[in-house]
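> This is the structure I have questions about; it appears just below.
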Number of protein chains: 2
Amino acid sequence: MEAYSILRDLAIIVIAAKLCGLLARKCRAPQVVGEIIAGLLIGPSVLGLVSQTDFINQMAEIGVILLMFEAGLETDLKELMKTGLIALLIACAGVFVPLVGGTLLYMGFYGASPIGSEGFYKAVFIGVIMTATSVSITVQTLRELGKLRGKVGTTILSAAIIDDVIGIVVLTFVIGFKNPDNKPLSVVISTVLFFVFAITVGLISYKVFKWVDNRYPHTRRIPIAGLAYCLALSYIAERYFGIADITGAYVAGIILSSIKDSDYIARKMDVNSYMLFGPIFFISIGLKTNVAGLSGEIMLFSLGFVLTALICKIIGCGLMARACRFNMSDSLKIGIGMMTRGEVALIISQKGLSVGMMEDVYFTSVILLIIVSSITTPILLKLIYAKEDVGANTRDHEAFLYKKEKDE
Amino acid sequence: MEAYSILRDLAIIVIAAKLCGLLARKCRAPQVVGEIIAGLLIGPSVLGLVSQTDFINQMAEIGVILLMFEAGLETDLKELMKTGLIALLIACAGVFVPLVGGTLLYMGFYGASPIGSEGFYKAVFIGVIMTATSVSITVQTLRELGKLRGKVGTTILSAAIIDDVIGIVVLTFVIGFKNPDNKPLSVVISTVLFFVFAITVGLISYKVFKWVDNRYPHTRRIPIAGLAYCLALSYIAERYFGIADITGAYVAGIILSSIKDSDYIARKMDVNSYMLFGPIFFISIGLKTNVAGLSGEIMLFSLGFVLTALICKIIGCGLMARACRFNMSDSLKIGIGMMTRGEVALIISQKGLSVGMMEDVYFTSVILLIIVSSITTPILLKLIYAKEDVGANTRDHEAFLYKKEKDE
């Protein structure tokens with residue numbers, strides 16, 4: 001019954017996250033950056049106060065689920081419908097360019113191998129790792145900036161969701177070519193099936209929630225049922241359709257985004273996430289790495305890996321966005337907003353490790369990519385937005401919440 | 001990376017807890033009862049949908065910490081000071097009577113053994129298990145009834161806290177007599193030291209919190225800092241003083257109970273606990289048991305064990321309360337409020353298992369005691385209070401929160 005030992009870790013995490021978050025804010029950087037750096041500080045890289053445990057990983061999992069659920073709840077469905085096709089195009093470009101870029105990078109470092117050979121697939125796999133955007137950090141940043149709703153925010157979100165799916169499809173294709181157990185086609189089918197499932201279940205559950213909400217508005221049962229719904233859909237997505245659970249959570253949020261109390265649910269979720277789960281998620285990213293253990297060659301490769309991954313996303317998504325008639329600055333926002341990598345990249349590379357398509361040395365590169373992108377994206381986004389008039393019609397979520405708390 | 005598999009358990013727990021909670025409410029029983037029964041239903045005893053995992057245990061640990069912290073935040077310090085001595089007397093009686101009762105029960109079943117013999121200590125140990133009240137369920141019930149503040153509530157709370165301490169002291173004495181490694185005296189000292197520590201640290205941190213609270217009233221940093229403070233104190237209590245972490249959490253709450261925003265903190269904690277952590281804690285009690293696997297003899301012993309444990313507490317605490325000039329009904333409330341057992345009883349019996357003073361068959365009896373007391377206490381308390389005029393001056397916490405939510 002050593003359960004109490006987790007209390008120490010949690011206490012340190014909560015304090016570190018809040019302090020660094022406030023510090024980051026003082027430096028006009030988003031709090032997320034502070035929280036990730038906090039993770040680096042208290043993690044094995046620097047102080048070694050807290051180390052990765054199953055418990056922290058599981059809490060972090062719930063954290064990212066809650067974040068994506070909130071993001072879904074705050075999505076403007078009409079906006080999403082409008083941006084659907086554009087998002088798809090941007091996502092595809094955002095997958096294709098890094099995939100090629102990563103492959104070429106690996107070949108540049110270790111020489112090209114004939115198509116179909118072991119080396120070739122290893123090269124391709126480096127590309128695959130670069131494909132999937134992890135939008136959670138961007139979401140958090142956009143929310144802090146109050147830009148989550150509106151065309152750019154919605155486009156980034158939906159594009160990121162779509163490219164998670166594409167990324168996982170690509171992964172399964174690549175693995176599928178190597179061993180005949182996985183059937184690439186079945187992945188495509190299960191993906192399609194999931195969205196069919198989500199839409200049918202979504203329509204029904206929407207009606208149910210709407211009814212309950214009208215009957216018992218602003219009661220605890222609404223957010224509790226919402227939470228259960230989100231957890232269930234996330235699980236079903238990953239367990240039965242092989243779709244990332246965060247995608248399931250986001251979809252659950254979208255389904256409930258049109259009921260009257262969606263803001264009320266989001267607010268209750270927010271209390272849960274800003275108290276404990278959010279900090280743990282962002283800190284766990286910092287915990288996952290140990291900057292100390294890096295050889296020169298890997299350092300160099302990692303550098304190339306990080307730069308390629310970031311630039312390819314900006315180019316791929318940015319140009320496509322521009323082609324879809326976004327203005328220059330919005331295209332840049334989309335490109336940068338899409339360049340964050342996270343849990344999906346980790347999942348993909350872990351998968352690669354397990355099937356022997358990637359040596360574990362490259363894992364460091366992936367984690368560096370996650371950290372660098374997680375830190376640079378919010379800063380860059382904030383800088384670009386700062387240039388514009390911030391007092392736009394999109395509501396500032398932070399201020400909104402603050403006001404709400406004042407009201408309480 | 002099978003982290004997502006926990007989502008299923010959580011979804012089931014949240015749904016089951018809420019449904020059974022509402023059902024219990026319909027039957028005019030407190031929601032806690034519903035949640036514990038929900039645990040029995042989804043646990044190995046009936047449906048076997050969810051089984052105990054480290055993760056659930058750790059979440060439950062956080063859950064009980066939050067509950068005790070909230071209880072502390074809602075304590076009326078002046079009231080506590082007033083009831084201090086009475087609480088001490090009640091606690092002592094509530095430890096002594098069950099200790100004797102349990103010993104006699106065991107001797108009655110398996111024959112008396114000479115003082116100092118193996119069998120004698122085994123008998124005494126059964127008594128020791130019965131000593132420690134676990135107040136968390138009573139707290140939750142009193143909160144639901146809006147009776148947490150006021151003389152009876154405060155007396156029960158402080159008496160329970162004190163008898164946790166006494167219980168653990170007794171435990172260490174008994175073990176101490178068996179093996180010379182543990183020094184009973186050192187336990188007494190460390191207990192005293194903890195309260196010295198808590199008071200000194202408490203005074204300082206109270207000033208700090210008060211200052212921050214006046215400077216940034218109703219901002220997120222207040223509850224976040226409060227949470228971190230509670231976690232830290234809980235950990236320190238258990239790690240460095242050998243005091244149950246829940247006691248640390250309760251003390252942390254008491255320290256912050258006098259700052260302006262204590263209600264605000266309590267409310268934020270409440271969102272966290274009613275959403276996820278609370279249900280998990282109460283459900284985990286139900287999960288811990290498997291009613292199916294019980295032999296006839298143990299069943300009989302367990303029956304005697306449960307009855308003795310409950311009646312001895314009611315007699316011990318009730319009579320002492322009466323002797324302290326509580327009226328008949330209040331004395332009964334105190335006796336019943338003190339009869340719940342929980343995590344502390346489990347900790348003690350696990351300790352007994354590890355040092356070989358208890359066979360694991362009796363573990364079932366302990367768990368039965370926890371479940372029976374957890375289910376009967378709230379019902380009985382509610383019945384007694386129902387007899388009286390409920391529209392008393394003590395505020396109804398549920399209604400209070402509901403109103404708050406309406407306000408939001």
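Please note that chains go A, B, ... in the order of the structure tokens, that every chain numbers its residues from 1, and that ligands are numbered from 1 in the order shown.
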Per residue of chain B within 8 Å of chain A, which atom pair is closest and at what distance in Å (one decimal), using only C-alpha atoms, listed by chain and increasing number, as a tab-separated table?


residue	atom	partner	partner_atom	distance
B:Met1	CA	A:Ile347	CA	7.3
B:Ala3	CA	A:Gln58	CA	5.5
B:Tyr4	CA	A:Tyr235	CA	6.3
B:Ser5	CA	A:Tyr235	CA	6.9
B:Ile6	CA	A:Gln58	CA	7.6
B:Leu7	CA	A:Leu231	CA	5.4
B:Arg8	CA	A:Tyr235	CA	5.8
B:Leu10	CA	A:Leu231	CA	7.1
B:Ala11	CA	A:Ala228	CA	4.7
B:Ile12	CA	A:Ala228	CA	7.6
B:Val14	CA	A:Ala228	CA	6.0
B:Ile15	CA	A:Ala228	CA	6.2
B:Lys18	CA	A:Arg221	CA	7.6
B:Phe55	CA	A:Phe55	CA	6.1
B:Asn57	CA	A:Ala3	CA	7.1
B:Gln58	CA	A:Ala3	CA	5.4
B:Glu61	CA	A:Ala3	CA	6.6
B:Ile62	CA	A:Leu7	CA	7.7
B:His218	CA	A:Lys406	CA	6.2
B:Thr219	CA	A:Tyr402	CA	7.2
B:Arg221	CA	A:Lys18	CA	7.6
B:Pro223	CA	A:Met275	CA	8.0
B:Ile224	CA	A:Met275	CA	5.9
B:Ala225	CA	A:Ile15	CA	7.1
B:Leu227	CA	A:Ala11	CA	7.8
B:Ala228	CA	A:Ala11	CA	4.7
B:Tyr229	CA	A:Ala11	CA	7.3
B:Leu231	CA	A:Ala11	CA	5.4
B:Ala232	CA	A:Ala11	CA	5.5
B:Ser234	CA	A:Leu7	CA	7.3
B:Tyr235	CA	A:Leu7	CA	5.7
B:Glu238	CA	A:Tyr4	CA	7.5
B:Arg239	CA	A:Ser5	CA	7.9
B:Asp245	CA	A:Tyr4	CA	6.9
B:Lys268	CA	A:Val271	CA	6.9
B:Val271	CA	A:Lys268	CA	6.9
B:Asn272	CA	A:Asn272	CA	5.5
B:Met275	CA	A:Ile224	CA	5.9
B:Ile347	CA	A:Met1	CA	7.2
B:Tyr402	CA	A:Thr219	CA	7.0
B:Lys404	CA	A:Glu408	CA	6.9
B:Glu405	CA	A:His218	CA	6.4
B:Lys406	CA	A:His218	CA	6.2
B:Asp407	CA	A:Glu408	CA	6.8
B:Glu408	CA	A:Glu408	CA	6.0

> Can you list, as a short mmCIF file (atom, residue, chain, number, x, y, z; two decimals) with all heavy atoms, in the first residue's frame, every protein, DNA or RNA residue that comes within 8 Å of Ile86 (chain A) when you count only C-alpha atoms, leaving out same-chain residues fewer than 4 positions away?


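Ended up saving to part.cif:
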data_model
loop_
_atom_site.label_atom_id
_atom_site.label_comp_id
_atom_site.auth_asym_id
_atom_site.auth_seq_id
_atom_site.Cartn_x
_atom_site.Cartn_y
_atom_site.Cartn_z
N ILE A 90 -5.06 20.24 -46.76
CA ILE A 90 -3.91 20.69 -45.96
C ILE A 90 -3.28 19.50 -45.26
O ILE A 90 -2.06 19.32 -45.25
CB ILE A 90 -4.35 21.76 -44.95
CG1 ILE A 90 -4.75 23.04 -45.68
CG2 ILE A 90 -3.25 22.05 -43.94
CD1 ILE A 90 -5.37 24.10 -44.81
N THR A 155 -9.55 25.14 -38.84
CA THR A 155 -8.84 24.46 -39.93
C THR A 155 -7.68 23.64 -39.35
O THR A 155 -7.54 22.45 -39.65
CB THR A 155 -8.27 25.48 -40.92
OG1 THR A 155 -9.32 26.38 -41.29
CG2 THR A 155 -7.71 24.80 -42.15
N ALA A 321 -2.36 25.71 -47.69
CA ALA A 321 -3.29 26.71 -47.14
C ALA A 321 -3.34 27.93 -48.05
O ALA A 321 -4.42 28.43 -48.40
CB ALA A 321 -2.86 27.12 -45.73
N CYS A 324 -5.25 27.34 -50.93
CA CYS A 324 -6.70 27.35 -50.61
C CYS A 324 -7.17 28.76 -50.26
O CYS A 324 -8.13 28.93 -49.50
CB CYS A 324 -7.00 26.39 -49.48
SG CYS A 324 -6.60 24.69 -49.88
#

> Might you pull out every residue within 9 Å of region 96-107 of chain A, with only C-alpha atoms counted and same-chain residues fewer than 5 positions away left off, and present them as a count of residues only?

28

> Rank B:Leu287, B:Met338, B:Leu142, B:Ile255 by their smallest atom-to-atom distance to Leu203 (chain B), using only C-alpha atoms, and report the top residue only.

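Using only C-alpha atoms, Leu203 (chain B) sits closest to B:Ile255.
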
> So what do you get for CA of Ala17 (chain A) versus CA of Pro279 (chain A), distance-wise?

5.8 Å

> What separation in Å, quoted to one decimal, exists between CA of Ser257 (chain B) and CA of Met68 (chain B)?

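So the two atoms, CA of Ser257 (chain B) and CA of Met68 (chain B), lie 12.3 Å apart.
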
> Which residues are close to Val344 (chain A), i.e. within 8 Å by only C-alpha atoms, leaving aside same-chain residues fewer than 5 positions away? Reply as JSON, numbers by chain.

{"A": [132, 133, 134, 164, 244]}

> Please return as a VMD selection string: the residues of region 57-288 of chain A that backbone DSSP assigns to alpha helix (DSSP H).

chain A and resid 57 to 73 77 to 110 118 to 131 136 to 145 151 to 178 184 to 215 221 to 241 245 to 256 262 to 272 278 to 287
